[in-house]
Amino acid sequence: NNKQQLSREVHNSIPNQYTINMKLAAACTVAFAASANAFAPANVAGNRATQLNAVKDDFVKLGAAALAGVAIFGATLPAQALTKSELNQLSYLQVKGTGLANRCSEVIGEDTITPKAGQRLGEMCIEPKAWAVEEEIGKGGKTEKKFVNSKVMTRQTYTLEGVEGSLKTEGGNIVFTEEQGIDYAACTVQLPGGERVPFLFTVKELVAKGNGGSFKPGFQMGGDFSVPSYRTGLFLDPKGRGGTTGYDMAVALPGLQSGEEGDAEMFKENNKTFDVGQGRIEMEVNKVNAEESEVGGVFVASQPGDTDMGSKVPKKILTKGIFYAKILD
């Protein structure tokens with residue numbers, strides 16, 4: 001009898017497997033629900049403060065377990081846009097790995113800002129959202145050029161940030177002249193057939209002329225900009241040829257470069273050039289916050305792609321996305 005009583009006491013003191021499984025399932029459910037709520041986009045402007053606190057608390061408290069739960073269910077990290085003031089409240093560790101560093105800040109408001117003399121347009125962020133490449137498509141014995149949607153292959157480092165320049169008024173219209181900032185980013189997109197097209201996304205030396213003297217919803221400005229070569233003179237191709245260094249011919253193919261015609265067949269590949277193209281961008285403002293001196297909107301840009309340092313004809317790249325900027329004193 002004593003043995004049977006002792007056996008029952010030991011059995012009752014150890015939780016059964018069903019109870020353990022239920023507790024684990026409940027804990028996982030709570031963690032997954034908390035992570036999903038923290039990463040869910042806010043639909044109402046009044047919930048922005050709650051949303052920001054949820055994001056901050058998520059990174060501080062949930063940690064790796066919650067992030068693992070998000071990965072299991074295929075959810076993405078919180079890449080939704082925040083306002084500049086909200087973004088400034090986040091620490092480096094709270095932004096790291098979320099994709100927020102590649103996002104332009106959101107602007108709330110539909111005010112009007114009239115730039116004063118001496119003011120500048122700064123902290124400009126230009127974020128592409130979609131890419132298309134011009135291709136010749138054959139159909140019914142005819143070929144025509146069309147823009148084909150492409151997929152970006154570059155990691156989240158393709159957004160331009162900190163672009164700054166002067167503002168002036170000519171004939172009652174705003175003119176923005178780009179002067180400095182992280183105004184270029186090397187990108188690569190892939191066509192549906194698998195071909196990859198590299199290009200240098202940029203707005204260098206942009207001079208954008210507006211259609212009015214104030215930033216307000218509906219204000220438009222656009223202009224031309226320079227597109228430097230995707231590669232510089234120090235780049236060496238697979239055969240060791242470069243623009244300012246390396247071989248001046250393909251050492252492994254001397255027979256093709258030593259006849260009467262010289263290297264005519266491989267002239268473009270042997271003689272590297274630093275090509276500078278020209279692009280154009282059109283921007284439209286749809287949000288203005290006068291209190292924070294912020295403007296935001298959308299853009300469409302067209303520019304040439306990589307020429308492989310002069311050896312091939314560049315493809316035309318069409319980029320669409322959003323931008324953010326701030327009027328500085």
# chains A, B, ... in the order shown; residues from 1 in each chain; ligands from 1
$ residues_around --residues "segment 189-206 of chain A" --least-positions-apart "3" --cutoff "7 Å" --atoms "only C-alpha atoms" --output "PyMOL selection string"
chain A and resi 150-153+177-179+183-186+223-227+230+305-306
$ select_by_dssp --residues "segment 72-272 of chain A" --states "strand (DSSP E)" --output "JSON, numbers by chain"
{"A": [120, 121, 122, 123, 124, 125, 126, 127, 128, 129, 130, 131, 132, 133, 134, 135, 136, 137, 138, 139, 142, 143, 144, 145, 146, 147, 148, 149, 150, 151, 152, 160, 161, 162, 163, 164, 165, 166, 167, 168, 169, 170, 173, 174, 175, 176, 177, 178, 179, 180, 181, 182, 184, 185, 186, 187, 188, 189, 190, 196, 197, 198, 199, 200, 201, 202, 204, 205, 206, 207, 208, 209, 210, 220, 221, 222, 223, 224, 225, 226, 227]}
$ closest_residue --among "A:Thr159, A:Ser293, A:Thr154, A:Thr143" --to "Cys187 of chain A" --atoms "only C-alpha atoms"
A:Thr154
$ residues_around --residues "segment 105-111 of chain A" --least-positions-apart "4" --cutoff "7 Å" --atoms "only C-alpha atoms" --output "PyMOL selection string"
chain A and resi 81-84+216-217+287-290+294-296+324
$ closest_residue --among "A:Leu253, A:Leu93, A:Leu328, A:Met266" --to "Glu164 of chain A" --atoms "only C-alpha atoms"
A:Leu328
